[in-house]
>>> print(open('entry.cif').read())   # mmCIF, C-alpha atoms and all ligand atoms
data_structure
#
loop_
_atom_site.label_atom_id
_atom_site.label_comp_id
_atom_site.auth_asym_id
_atom_site.auth_seq_id
_atom_site.Cartn_x
_atom_site.Cartn_y
_atom_site.Cartn_z
CA MET A 1 21.40 -20.94 -19.15
CA THR A 2 22.17 -18.76 -16.13
CA ALA A 3 22.68 -15.05 -16.76
CA PRO A 4 25.77 -13.24 -15.49
CA VAL A 5 25.71 -12.24 -11.84
CA SER A 6 24.68 -8.64 -11.28
CA PRO A 7 25.54 -7.33 -7.82
CA HIS A 8 22.26 -5.47 -7.57
CA LEU A 9 19.65 -7.46 -9.46
CA ILE A 10 16.40 -7.51 -7.50
CA LEU A 11 13.26 -9.54 -8.18
CA VAL A 12 10.12 -7.58 -7.29
CA THR A 13 6.89 -9.58 -7.03
CA GLY A 14 3.58 -7.73 -7.29
CA ALA A 15 5.55 -5.01 -9.06
CA ALA A 16 2.61 -3.47 -10.95
CA GLY A 17 0.54 -2.76 -7.82
CA TYR A 18 0.28 0.42 -5.77
CA VAL A 19 3.13 -0.23 -3.32
CA GLY A 20 5.20 -2.24 -5.83
CA SER A 21 5.19 0.45 -8.53
CA HIS A 22 6.19 3.25 -6.13
CA CYS A 23 8.98 1.11 -4.69
CA LEU A 24 10.20 0.41 -8.21
CA VAL A 25 10.68 4.14 -8.74
CA GLU A 26 12.88 4.30 -5.64
CA LEU A 27 14.78 1.12 -6.52
CA LEU A 28 15.50 2.23 -10.08
CA THR A 29 16.51 5.76 -9.09
CA SER A 30 18.79 4.27 -6.42
CA GLY A 31 20.64 2.30 -9.10
CA TYR A 32 19.22 -1.18 -8.58
CA ASP A 33 18.47 -3.37 -11.60
CA VAL A 34 15.01 -4.86 -11.40
CA VAL A 35 13.15 -7.85 -12.78
CA ALA A 36 9.41 -7.30 -12.26
CA LEU A 37 6.80 -10.01 -11.79
CA ASP A 38 3.03 -9.62 -11.56
CA ASN A 39 0.08 -11.85 -12.40
CA CYS A 40 -1.95 -8.74 -13.28
CA ILE A 41 -5.12 -9.89 -11.55
CA ASN A 42 -5.29 -6.49 -9.88
CA ALA A 43 -3.26 -4.43 -12.33
CA VAL A 44 -4.18 -2.80 -15.62
CA GLU A 45 -2.36 -4.40 -18.53
CA GLY A 46 -0.77 -2.35 -21.29
CA HIS A 47 -3.28 -0.91 -23.75
CA LEU A 48 -1.30 -2.33 -26.70
CA PRO A 49 -0.47 -6.04 -27.09
CA ASP A 50 2.87 -7.22 -25.67
CA THR A 51 3.43 -4.07 -23.64
CA LEU A 52 4.14 -3.68 -19.95
CA PRO A 53 1.31 -3.13 -17.49
CA GLU A 54 0.36 0.55 -17.52
CA SER A 55 1.89 1.28 -14.10
CA LEU A 56 5.25 -0.20 -15.11
CA GLN A 57 5.36 1.79 -18.36
CA ARG A 58 4.86 4.89 -16.25
CA VAL A 59 7.54 3.86 -13.74
CA GLN A 60 9.98 3.68 -16.66
CA SER A 61 8.94 7.11 -17.90
CA ILE A 62 9.36 8.68 -14.42
CA THR A 63 12.78 7.16 -13.82
CA GLY A 64 14.13 7.18 -17.37
CA ARG A 65 15.28 3.61 -16.72
CA SER A 66 14.08 0.28 -18.09
CA LEU A 67 13.25 -2.84 -16.17
CA LEU A 68 15.65 -5.64 -16.95
CA ALA A 69 12.66 -7.92 -17.60
CA TYR A 70 8.97 -8.23 -16.83
CA TYR A 71 7.15 -11.53 -16.37
CA LYS A 72 3.40 -11.91 -16.25
CA ALA A 73 3.51 -14.89 -13.93
CA ASP A 74 1.77 -16.33 -10.91
CA LEU A 75 3.75 -17.22 -7.81
CA ASN A 76 1.79 -20.43 -7.48
CA ASN A 77 3.15 -21.61 -10.82
CA ALA A 78 6.37 -23.34 -9.74
CA THR A 79 7.42 -24.05 -13.33
CA GLU A 80 7.22 -20.39 -14.32
CA LEU A 81 9.10 -19.32 -11.22
CA GLU A 82 11.80 -21.92 -11.81
CA ASP A 83 12.20 -20.61 -15.34
CA ILE A 84 12.61 -17.01 -14.11
CA PHE A 85 15.16 -17.98 -11.45
CA SER A 86 17.12 -20.00 -14.04
CA LYS A 87 17.40 -16.98 -16.29
CA HIS A 88 18.57 -14.45 -13.67
CA ARG A 89 20.83 -14.43 -10.61
CA PHE A 90 19.03 -12.33 -8.03
CA SER A 91 20.73 -10.64 -5.10
CA ALA A 92 17.43 -10.33 -3.25
CA VAL A 93 13.66 -10.51 -3.61
CA VAL A 94 11.17 -7.82 -2.56
CA HIS A 95 7.85 -9.61 -2.20
CA PHE A 96 4.71 -7.49 -2.54
CA ALA A 97 2.43 -9.89 -4.43
CA SER A 98 -0.70 -10.39 -2.36
CA LEU A 99 -4.47 -10.21 -2.38
CA LYS A 100 -5.33 -7.46 0.09
CA ALA A 101 -9.03 -6.68 0.37
CA VAL A 102 -10.11 -7.35 3.93
CA GLY A 103 -13.83 -7.80 3.15
CA GLU A 104 -13.19 -10.02 0.16
CA SER A 105 -10.88 -12.22 2.26
CA CYS A 106 -13.85 -13.09 4.49
CA LYS A 107 -15.83 -14.23 1.44
CA ILE A 108 -13.13 -16.21 -0.38
CA PRO A 109 -10.60 -17.20 2.32
CA LEU A 110 -9.20 -20.16 0.41
CA GLU A 111 -8.22 -17.88 -2.47
CA TYR A 112 -6.40 -15.68 0.04
CA TYR A 113 -4.57 -18.57 1.68
CA ARG A 114 -3.70 -20.14 -1.68
CA ASN A 115 -2.53 -16.89 -3.24
CA ASN A 116 -0.77 -15.24 -0.29
CA VAL A 117 0.51 -18.18 1.78
CA GLY A 118 0.78 -20.73 -1.06
CA GLY A 119 2.43 -18.22 -3.40
CA THR A 120 4.99 -17.28 -0.75
CA MET A 121 5.78 -20.97 -0.14
CA THR A 122 6.47 -21.54 -3.84
CA LEU A 123 8.62 -18.41 -3.92
CA LEU A 124 10.63 -19.56 -0.87
CA ASP A 125 11.13 -23.07 -2.30
CA THR A 126 12.42 -21.59 -5.54
CA MET A 127 14.64 -19.06 -3.78
CA ARG A 128 16.12 -21.87 -1.68
CA ALA A 129 16.75 -24.07 -4.72
CA HIS A 130 18.68 -21.19 -6.31
CA SER A 131 20.48 -20.10 -3.15
CA VAL A 132 18.76 -16.71 -3.07
CA ARG A 133 18.25 -16.10 0.64
CA ARG A 134 17.59 -12.40 1.01
CA LEU A 135 13.99 -11.28 1.19
CA ILE A 136 11.97 -8.21 2.12
CA PHE A 137 8.39 -9.15 2.93
CA SER A 138 5.50 -6.73 2.58
CA SER A 139 3.63 -7.20 5.85
CA SER A 140 0.94 -5.18 7.57
CA ALA A 141 -0.04 -3.67 10.89
CA THR A 142 -3.07 -5.93 10.58
CA VAL A 143 -0.95 -8.72 12.17
CA TYR A 144 -1.34 -6.89 15.51
CA GLY A 145 -5.14 -7.23 15.47
CA THR A 146 -6.87 -5.19 18.17
CA PRO A 147 -4.07 -3.23 19.85
CA GLU A 148 -3.42 -3.75 23.55
CA PHE A 149 -1.26 -0.64 23.84
CA LEU A 150 -0.40 2.39 21.73
CA PRO A 151 1.76 3.29 20.00
CA ILE A 152 2.30 -0.26 18.79
CA THR A 153 5.85 -1.57 18.92
CA GLU A 154 7.15 -4.58 17.06
CA GLU A 155 7.05 -6.46 20.39
CA HIS A 156 3.24 -6.30 20.52
CA HIS A 157 1.88 -9.84 20.11
CA THR A 158 0.71 -10.82 16.64
CA GLY A 159 -1.92 -13.17 15.27
CA ARG A 160 -3.95 -13.53 18.45
CA ASN A 161 -6.56 -10.91 17.58
CA CYS A 162 -6.41 -10.87 13.78
CA THR A 163 -9.92 -10.02 12.66
CA ASN A 164 -9.93 -11.41 9.10
CA PRO A 165 -8.35 -14.02 6.80
CA TYR A 166 -6.27 -11.40 4.97
CA GLY A 167 -4.62 -10.43 8.24
CA ARG A 168 -4.06 -14.07 9.13
CA THR A 169 -2.30 -14.72 5.80
CA LYS A 170 0.23 -12.01 6.69
CA TYR A 171 0.59 -13.43 10.21
CA PHE A 172 1.04 -17.02 8.99
CA ILE A 173 3.62 -15.95 6.42
CA GLU A 174 5.60 -14.12 9.10
CA GLU A 175 5.59 -17.28 11.24
CA ILE A 176 6.80 -19.36 8.27
CA LEU A 177 9.59 -16.85 7.61
CA LYS A 178 10.67 -16.90 11.26
CA ASP A 179 10.76 -20.72 11.25
CA LEU A 180 12.81 -20.69 8.07
CA CYS A 181 15.38 -18.26 9.50
CA ALA A 182 15.60 -20.37 12.67
CA SER A 183 16.06 -23.61 10.72
CA GLU A 184 18.87 -22.61 8.36
CA THR A 185 21.68 -20.09 8.53
CA GLY A 186 22.21 -17.78 5.60
CA TRP A 187 18.70 -16.40 5.31
CA SER A 188 18.19 -12.67 5.69
CA ILE A 189 14.49 -11.86 5.89
CA THR A 190 13.03 -8.50 6.87
CA SER A 191 9.33 -8.04 7.38
CA LEU A 192 8.09 -4.46 6.97
CA ARG A 193 4.75 -3.91 8.70
CA TYR A 194 2.92 -1.13 6.88
CA PHE A 195 0.38 1.04 8.57
CA ASN A 196 -1.87 2.97 6.13
CA PRO A 197 0.01 3.86 2.93
CA VAL A 198 -1.59 6.76 1.03
CA GLY A 199 -0.48 9.45 -1.42
CA ALA A 200 1.18 9.07 -4.79
CA HIS A 201 4.36 9.93 -6.63
CA PRO A 202 4.44 13.76 -6.66
CA SER A 203 4.35 13.77 -10.48
CA GLY A 204 0.83 12.32 -10.43
CA ILE A 205 1.94 9.83 -13.10
CA ILE A 206 1.48 6.78 -10.86
CA GLY A 207 -0.82 6.29 -7.88
CA GLU A 208 -3.36 3.99 -6.27
CA ASP A 209 -5.76 2.62 -8.87
CA CYS A 210 -8.97 1.05 -7.55
CA LYS A 211 -12.12 0.18 -9.41
CA VAL A 212 -14.11 0.16 -6.21
CA PRO A 213 -12.25 1.73 -3.32
CA ASN A 214 -12.15 -0.15 0.00
CA ASN A 215 -9.87 2.27 1.80
CA LEU A 216 -10.35 5.81 2.97
CA MET A 217 -8.02 7.88 0.78
CA PRO A 218 -9.00 6.39 -2.59
CA TYR A 219 -12.62 6.79 -1.56
CA ILE A 220 -12.03 10.48 -0.76
CA THR A 221 -10.30 11.10 -4.10
CA GLN A 222 -13.07 9.30 -6.00
CA VAL A 223 -15.62 11.53 -4.28
CA ALA A 224 -13.49 14.55 -5.18
CA VAL A 225 -13.34 13.55 -8.84
CA GLY A 226 -17.04 12.71 -9.02
CA ARG A 227 -16.87 8.92 -9.24
CA GLN A 228 -18.62 8.57 -5.87
CA PRO A 229 -21.36 10.94 -4.70
CA PHE A 230 -20.21 11.20 -1.07
CA LEU A 231 -17.91 9.60 1.46
CA LYS A 232 -19.36 7.19 3.98
CA VAL A 233 -17.73 7.88 7.33
CA LEU A 234 -17.88 4.40 8.79
CA GLY A 235 -18.79 4.98 12.42
CA LYS A 236 -18.78 7.94 14.79
CA ASP A 237 -18.96 5.99 18.03
CA PHE A 238 -15.34 4.88 18.31
CA LYS A 239 -13.44 5.70 21.49
CA THR A 240 -11.36 8.41 19.79
CA LYS A 241 -10.94 12.19 19.83
CA ASP A 242 -13.96 12.83 17.57
CA GLY A 243 -15.62 9.40 17.46
CA THR A 244 -14.23 8.40 14.05
CA GLY A 245 -11.50 5.80 13.48
CA VAL A 246 -7.90 6.89 13.99
CA ARG A 247 -5.09 5.50 11.81
CA ASP A 248 -1.44 6.08 11.04
CA TYR A 249 -1.20 7.32 7.43
CA ILE A 250 2.19 7.16 5.73
CA HIS A 251 3.14 8.68 2.39
CA ILE A 252 3.77 5.97 -0.17
CA MET A 253 7.13 7.51 -1.16
CA ASP A 254 8.30 7.41 2.48
CA LEU A 255 7.23 3.77 2.57
CA ALA A 256 9.11 3.12 -0.68
CA ALA A 257 12.23 4.80 0.71
CA GLY A 258 12.01 2.48 3.73
CA HIS A 259 12.32 -0.53 1.41
CA VAL A 260 15.38 0.77 -0.39
CA ILE A 261 17.12 1.63 2.88
CA THR A 262 16.34 -1.86 4.18
CA LEU A 263 17.70 -3.41 1.00
CA ASP A 264 20.86 -1.32 1.26
CA LYS A 265 21.36 -2.57 4.82
CA ILE A 266 20.78 -6.19 3.88
CA LEU A 267 23.18 -6.06 0.93
CA GLN A 268 25.85 -3.72 2.26
CA GLU A 269 25.91 -4.57 5.95
CA GLY A 270 25.25 -8.27 5.53
CA TRP A 271 22.19 -8.45 7.77
CA THR A 272 21.21 -12.02 8.55
CA GLY A 273 18.30 -13.76 10.23
CA TRP A 274 14.82 -12.43 10.91
CA ASN A 275 14.14 -8.71 11.31
CA VAL A 276 10.90 -6.78 11.60
CA TYR A 277 10.07 -3.06 11.46
CA ASN A 278 6.96 -0.91 11.63
CA LEU A 279 6.67 1.56 8.76
CA GLY A 280 4.23 4.29 9.67
CA ALA A 281 4.36 8.01 10.38
CA GLY A 282 4.00 7.50 14.12
CA THR A 283 0.93 9.75 14.40
CA GLY A 284 -2.79 8.98 14.39
CA TYR A 285 -5.40 11.01 12.47
CA SER A 286 -9.16 10.57 12.54
CA VAL A 287 -11.37 10.20 9.48
CA LEU A 288 -12.76 13.71 10.03
CA GLU A 289 -9.23 15.11 10.28
CA MET A 290 -8.41 13.37 6.99
CA ILE A 291 -11.40 15.02 5.34
CA SER A 292 -10.57 18.49 6.62
CA THR A 293 -6.87 18.15 5.73
CA PHE A 294 -7.79 16.99 2.22
CA GLU A 295 -10.12 19.95 1.78
CA GLU A 296 -7.54 22.44 3.03
CA ALA A 297 -4.71 20.96 0.96
CA THR A 298 -6.67 20.78 -2.29
CA GLY A 299 -9.53 23.23 -2.04
CA VAL A 300 -11.96 20.48 -3.04
CA PRO A 301 -14.98 19.88 -0.77
CA ILE A 302 -15.75 16.31 0.32
CA PRO A 303 -19.41 15.71 1.12
CA TYR A 304 -19.87 12.90 3.61
CA LYS A 305 -22.44 10.99 5.61
CA ILE A 306 -22.04 9.31 8.94
CA CYS A 307 -22.79 5.61 8.46
CA ASP A 308 -22.65 2.43 10.49
CA ARG A 309 -19.31 0.92 11.45
CA ARG A 310 -17.63 -1.67 9.29
CA CYS A 311 -17.24 -5.05 10.94
CA GLY A 312 -13.84 -5.56 12.56
CA ASP A 313 -12.58 -1.93 12.55
CA VAL A 314 -10.53 -1.03 15.62
CA ASP A 315 -10.85 2.34 17.40
CA GLU A 316 -7.32 3.54 16.85
CA LEU A 317 -3.98 2.33 15.66
CA TRP A 318 -0.65 4.06 15.25
CA ALA A 319 2.93 2.95 15.16
CA ASP A 320 5.95 3.32 17.31
CA ILE A 321 8.58 3.85 14.60
CA SER A 322 11.59 4.27 16.86
CA LYS A 323 13.03 0.86 15.94
CA ALA A 324 12.98 1.65 12.21
CA SER A 325 14.31 5.16 12.88
CA SER A 326 17.33 3.90 14.79
CA ALA A 327 18.15 0.65 12.96
CA LEU A 328 17.40 1.85 9.44
CA ASN A 329 18.13 5.52 10.00
CA TRP A 330 14.80 6.12 8.25
CA LYS A 331 12.24 8.78 8.98
CA PRO A 332 9.09 9.73 7.10
CA THR A 333 9.42 13.24 5.67
CA ARG A 334 6.04 13.99 4.03
CA SER A 335 3.14 15.62 5.89
CA LEU A 336 -0.50 14.58 5.89
CA ALA A 337 -1.17 17.57 3.63
CA ASP A 338 1.43 16.21 1.16
CA MET A 339 -0.32 12.83 1.23
CA CYS A 340 -3.67 14.46 0.43
CA ALA A 341 -2.35 16.77 -2.30
CA HIS A 342 -0.37 14.02 -4.00
CA SER A 343 -3.32 11.60 -3.90
CA TRP A 344 -5.46 14.29 -5.47
CA ASN A 345 -2.81 15.22 -8.03
CA TRP A 346 -2.81 11.59 -9.21
CA GLN A 347 -6.59 11.14 -9.17
CA SER A 348 -7.40 14.46 -10.86
CA LYS A 349 -4.90 13.77 -13.64
CA ASN A 350 -6.12 10.16 -13.95
CA PRO A 351 -9.83 10.20 -13.09
CA MET A 352 -10.19 6.54 -14.08
CA GLY A 353 -6.79 5.51 -12.79
CA TYR A 354 -4.85 3.51 -15.35
CA ARG A 355 -7.99 2.76 -17.32
CA SER A 356 -8.93 5.06 -20.14
CA ALA A 357 -12.13 7.06 -19.70
CA ALA A 358 -13.73 4.90 -22.41
CA GLU A 359 -13.08 1.70 -20.45
CA GLY A 360 -14.57 3.23 -17.30
CA ASP A 361 -14.68 1.45 -13.98
CA GLY A 362 -17.91 -0.44 -14.51
CA SER A 363 -19.75 1.71 -11.99
CA ALA A 364 -22.92 3.65 -12.65
CA ASN A 365 -21.24 6.87 -11.60
CA GLY A 366 -19.58 8.77 -14.37
CA VAL A 367 -16.69 11.10 -13.84
CA ARG A 368 -17.61 14.73 -13.38
CA GLN A 369 -17.77 16.39 -16.81
CA SER A 370 -15.66 19.38 -15.86
CA PRO A 371 -12.67 18.12 -13.91
CA VAL A 372 -11.93 19.86 -10.64
CA LYS A 373 -8.77 21.93 -10.89
CA VAL A 374 -5.91 21.09 -8.54
CA PRO A 375 -4.36 24.24 -7.15
CA ASP A 376 -0.92 24.22 -8.81
CA ALA A 377 0.66 25.75 -5.75
CA ALA A 378 -0.59 22.88 -3.63
CA VAL A 379 1.23 20.36 -5.77
CA ALA A 380 4.30 22.32 -6.73
CA SER A 381 5.17 23.51 -3.28
CA GLY A 382 4.57 20.21 -1.57
CA VAL A 383 1.36 21.79 -0.33
CA LYS A 384 0.49 24.48 2.08
CA ALA A 385 0.93 23.42 5.64
CA LEU A 386 -2.09 23.03 7.86
CA ASN A 387 -2.83 26.35 9.44
CA GLY A 388 -3.56 24.83 12.80
CA LYS A 389 -7.23 25.70 12.91
CA SER A 390 -9.51 22.71 12.95
CA LYS A 391 -12.45 22.82 10.59
CA SER A 392 -15.93 22.39 11.94
CA PHE A 393 -17.44 19.14 10.84
CA ASP A 394 -20.77 20.56 9.77
CA ARG A 395 -20.95 19.59 6.16
CA GLU A 396 -22.65 16.24 6.39
CA VAL A 397 -24.97 15.46 3.49
CA ASN A 398 -28.54 15.61 4.66
CA ASN A 399 -30.51 13.51 2.25
CA ASN A 400 -31.37 10.09 3.55
CA ASP A 401 -30.02 6.98 1.97
CA GLU A 402 -31.24 3.46 2.56
CA ASP A 403 -27.99 1.92 3.68
CA VAL A 404 -26.66 4.76 5.75
CA THR A 405 -27.62 6.19 9.10
CA VAL A 406 -27.54 9.96 8.92
CA PHE A 407 -26.98 11.72 12.22
N1 LIG B 501 -13.17 4.54 6.49
C1 LIG B 501 -14.29 5.30 6.29
N2 LIG B 501 -14.89 5.25 5.06
C2 LIG B 501 -14.43 4.46 4.04
C3 LIG B 501 -13.27 3.69 4.28
C4 LIG B 501 -12.67 3.75 5.52
O1 LIG B 501 -14.75 6.01 7.17
O2 LIG B 501 -15.02 4.45 2.97
C5 LIG B 501 -12.49 4.62 7.79
C6 LIG B 501 -12.34 3.28 8.52
O3 LIG B 501 -13.44 3.01 9.32
C7 LIG B 501 -11.05 3.53 9.32
C8 LIG B 501 -10.25 4.49 8.44
O4 LIG B 501 -11.19 5.07 7.55
O5 LIG B 501 -11.35 4.18 10.52
C9 LIG B 501 -9.18 3.80 7.64
O6 LIG B 501 -9.75 2.74 6.90
P1 LIG B 501 -8.99 2.06 5.68
O7 LIG B 501 -9.94 1.07 5.06
O8 LIG B 501 -8.42 3.09 4.80
O9 LIG B 501 -7.77 1.32 6.37
P2 LIG B 501 -7.75 0.20 7.52
O10 LIG B 501 -7.02 0.80 8.67
O11 LIG B 501 -9.06 -0.36 7.78
O12 LIG B 501 -6.94 -0.94 6.82
C10 LIG B 501 -5.64 -0.71 6.33
C11 LIG B 501 -5.39 -1.62 5.14
C12 LIG B 501 -5.38 -3.05 5.54
C13 LIG B 501 -4.41 -3.25 6.65
C14 LIG B 501 -4.71 -2.32 7.80
C15 LIG B 501 -3.64 -2.41 8.83
O13 LIG B 501 -6.41 -1.44 4.18
O14 LIG B 501 -4.94 -3.80 4.44
O15 LIG B 501 -4.73 -0.97 7.34
O16 LIG B 501 -4.02 -1.76 9.97
F1 LIG B 501 -4.50 -4.50 7.08
#
>>> encode(input="entry.cif", output="structure tokens")
Amino acid sequence: MTAPVSPHLILVTGAAGYVGSHCLVELLTSGYDVVALDNCINAVEGHLPDTLPESLQRVQSITGRSLLAYYKADLNNATELEDIFSKHRFSAVVHFASLKAVGESCKIPLEYYRNNVGGTMTLLDTMRAHSVRRLIFSSSATVYGTPEFLPITEEHHTGRNCTNPYGRTKYFIEEILKDLCASETGWSITSLRYFNPVGAHPSGIIGEDCKVPNNLMPYITQVAVGRQPFLKVLGKDFKTKDGTGVRDYIHIMDLAAGHVITLDKILQEGWTGWNVYNLGAGTGYSVLEMISTFEEATGVPIPYKICDRRCGDVDELWADISKASSALNWKPTRSLADMCAHSWNWQSKNPMGYRSAAEGDGSANGVRQSPVKVPDAAVASGVKALNGKSKSFDREVNNNDEDVTVF
């Protein structure tokens, strides 16, 4: 039986993940009703039987609102999806569900194509069958590959220089979505190309939970909390201001706000067809600048070693966000120092992420016995601003390590 129509009922796929959970906070506080879906392959399930995944329980406690429903379901399971769409009338879908580890995608590409591309196909088929034609797609700056000009605008070509299967899944999905919009009227699909989302909800109740971090910020916070002995700075021979990679870091709550504004536009202004926007901060920071900003914002030292480059990393990448600023009337508001302090607030309050300390992360490194204190002022005040002076980068760890090159 079909449920009554709610004007603002949104299906969120991949809801329990890092980006999904932070967007849920914004959606719920903005008054949307939400049905959450996640297959939990990368999320921590509730500690008690028949409870929500840990991140979703915490989203409810932050917002004081309940999800309308939660389904542990896989997008590739057409029967399960059909069942969910028969039970609810959705106004729109926000689609985050995706495998996203670049290195892993090179080892198991078929899993990436099946999960990301195949799952999106099943979702689109089901949406079409139920006349749900509004979608926000979680895309990535990785579709641009090696940039030919900076800052990157949405007009930069995509796909041609994608360096890994993960990036190609996002590119292929975008092409499918464009074809769909061109083939049938009535679809409204917006692709949001994320640059480097970091940070956490300022409460520190939810954040990015990784067993083994692949990305810079979670690696820094795991070093800070004692789960990793030092940060590996992956290359100092890039053509950048200090030789380390430059990226466009955006606070996760600014990214989340971008989704809600887009949804408002789609639903209230009746946007149709294919649209695409960059969501970044519009500024590039190097790895060494990230380290020094983290140290200044939190007071916690980050030992690091200069190591070899990772395969496929580009020199620098940052976004032109003028299209999103004008069309969505959206602007990021949080500083790099906010991103660092909020990441640290989350990690220091949750050293093992959503796992309990007893469960651990399976690594040999234990968490530091005496947790590092977060300066309250740094969190409460939205963090002291950078004082303009650049730190000297003289704190490299000196002991040799077999798989790193120490300069
Ligand atoms: N880096 C380190 N040490 C680490 C991890 C990263 O020095 O342990 C460096 C990288 O070399 C790079 C910068 O930190 O210069 C940022 O690396 P991330 O792994 O945090 O992010 P990427 O820019 O490589 O990738 C991110 C997402 C991808 C997405 C891409 C889009 O992880 O999913 O942005 O540009 F596709």
>>> closest_atom_pairs(input="entry.cif", of="chain A", to="ligand LIG 501 (chain B)", cutoff="6 Å", atoms="only C-alpha atoms and all ligand atoms", output="CSV")
residue,atom,partner,partner_atom,distance
A:Lys100,CA,B:LIG501,O14,5.7
A:Ser140,CA,B:LIG501,C15,5.5
A:Ala141,CA,B:LIG501,C15,4.3
A:Thr142,CA,B:LIG501,C15,4.0
A:Phe195,CA,B:LIG501,C15,5.3
A:Asn196,CA,B:LIG501,O15,5.0
A:Asn214,CA,B:LIG501,O7,5.7
A:Asn215,CA,B:LIG501,O8,3.4
A:Leu216,CA,B:LIG501,O8,3.8
A:Tyr219,CA,B:LIG501,O2,5.6
A:Lys232,CA,B:LIG501,N2,5.0
A:Val233,CA,B:LIG501,O1,3.5
A:Leu234,CA,B:LIG501,O1,3.9
A:Gly245,CA,B:LIG501,O5,3.4
A:Val246,CA,B:LIG501,O5,5.6
A:Arg247,CA,B:LIG501,O10,6.0
A:Val287,CA,B:LIG501,O4,5.5
A:Asp313,CA,B:LIG501,O3,6.0
>>> residues_near_point(input="entry.cif", point="(12.7, 4.0, -9.4)", cutoff="9 Å", atoms="all atoms listed in the file", output="ChimeraX atom specification")
/A:21-32,59-60,62-65
>>> write_last_selection(input="entry.cif", atoms="C-alpha atoms", output="mmCIF file, in the coordinates of the input")
data_model
loop_
_atom_site.group_PDB
_atom_site.id
_atom_site.type_symbol
_atom_site.label_atom_id
_atom_site.label_comp_id
_atom_site.auth_asym_id
_atom_site.auth_seq_id
_atom_site.Cartn_x
_atom_site.Cartn_y
_atom_site.Cartn_z
ATOM 1 C CA SER A 21 5.190 0.450 -8.530
ATOM 2 C CA HIS A 22 6.190 3.250 -6.130
ATOM 3 C CA CYS A 23 8.980 1.110 -4.690
ATOM 4 C CA LEU A 24 10.200 0.410 -8.210
ATOM 5 C CA VAL A 25 10.680 4.140 -8.740
ATOM 6 C CA GLU A 26 12.880 4.300 -5.640
ATOM 7 C CA LEU A 27 14.780 1.120 -6.520
ATOM 8 C CA LEU A 28 15.500 2.230 -10.080
ATOM 9 C CA THR A 29 16.510 5.760 -9.090
ATOM 10 C CA SER A 30 18.790 4.270 -6.420
ATOM 11 C CA GLY A 31 20.640 2.300 -9.100
ATOM 12 C CA TYR A 32 19.220 -1.180 -8.580
ATOM 13 C CA VAL A 59 7.540 3.860 -13.740
ATOM 14 C CA GLN A 60 9.980 3.680 -16.660
ATOM 15 C CA ILE A 62 9.360 8.680 -14.420
ATOM 16 C CA THR A 63 12.780 7.160 -13.820
ATOM 17 C CA GLY A 64 14.130 7.180 -17.370
ATOM 18 C CA ARG A 65 15.280 3.610 -16.720
#
>>> closest_residue(input="entry.cif", among="A:Gly199, A:Gly119, A:Gly186, A:Gly226", to="A:Trp271", atoms="all atoms listed in the file")
A:Gly186
>>> residues_around(input="entry.cif", residues="A:Ala319", least_positions_apart="5", cutoff="6 Å", atoms="only C-alpha atoms", output="number ranges by chain")
A: 151-152, 280, 282
>>> closest_residue(input="entry.cif", among="A:Asn278, A:Arg114, A:Gly103, A:Asp74", to="A:Val143", atoms="only C-alpha atoms")
A:Asn278
>>> atom_distance(input="entry.cif", atom1="atom CA of A:Cys311", atom2="atom CA of A:Lys236")
13.6 Å
>>> residues_near_point(input="entry.cif", point="(-6.1, 3.5, -15.3)", cutoff="6 Å", atoms="only C-alpha atoms", output="list in words")
Met352, Gly353, Tyr354, Arg355 and Ser356 of chain A
>>> closest_residue(input="entry.cif", among="A:Gly270, A:Glu80, A:Arg310, A:Tyr194", to="A:Thr163", atoms="only C-alpha atoms")
A:Arg310
>>> residues_around(input="entry.cif", residues="A:Ile136", least_positions_apart="4", cutoff="6 Å", atoms="only C-alpha atoms", output="PDB file with C-alpha atoms, in the coordinates of the input")
ATOM      1  CA  VAL A  94      11.170  -7.820  -2.560  1.00  0.00           C
ATOM      2  CA  ILE A 189      14.490 -11.860   5.890  1.00  0.00           C
ATOM      3  CA  THR A 190      13.030  -8.500   6.870  1.00  0.00           C
ATOM      4  CA  SER A 191       9.330  -8.040   7.380  1.00  0.00           C
TER       5      SER A 191
END
>>> closest_residue(input="entry.cif", among="A:Tyr277, A:Phe294, A:Phe238, A:Tyr70", to="A:Val314", atoms="only C-alpha atoms")
A:Phe238
>>> closest_residue(input="entry.cif", among="A:Leu192, A:Ala200, A:Cys307, A:Leu177", to="A:Leu263", atoms="only C-alpha atoms")
A:Leu192
>>> atom_distance(input="entry.cif", atom1="atom CA of A:Pro218", atom2="atom CA of A:Lys107")
22.1 Å
>>> closest_residue(input="entry.cif", among="A:Arg128, A:Lys241, A:Arg227, A:His259", to="A:Thr185", atoms="all atoms listed in the file")
A:Arg128
>>> atom_distance(input="entry.cif", atom1="atom CA of A:Gly284", atom2="atom CA of A:Thr240")
10.1 Å
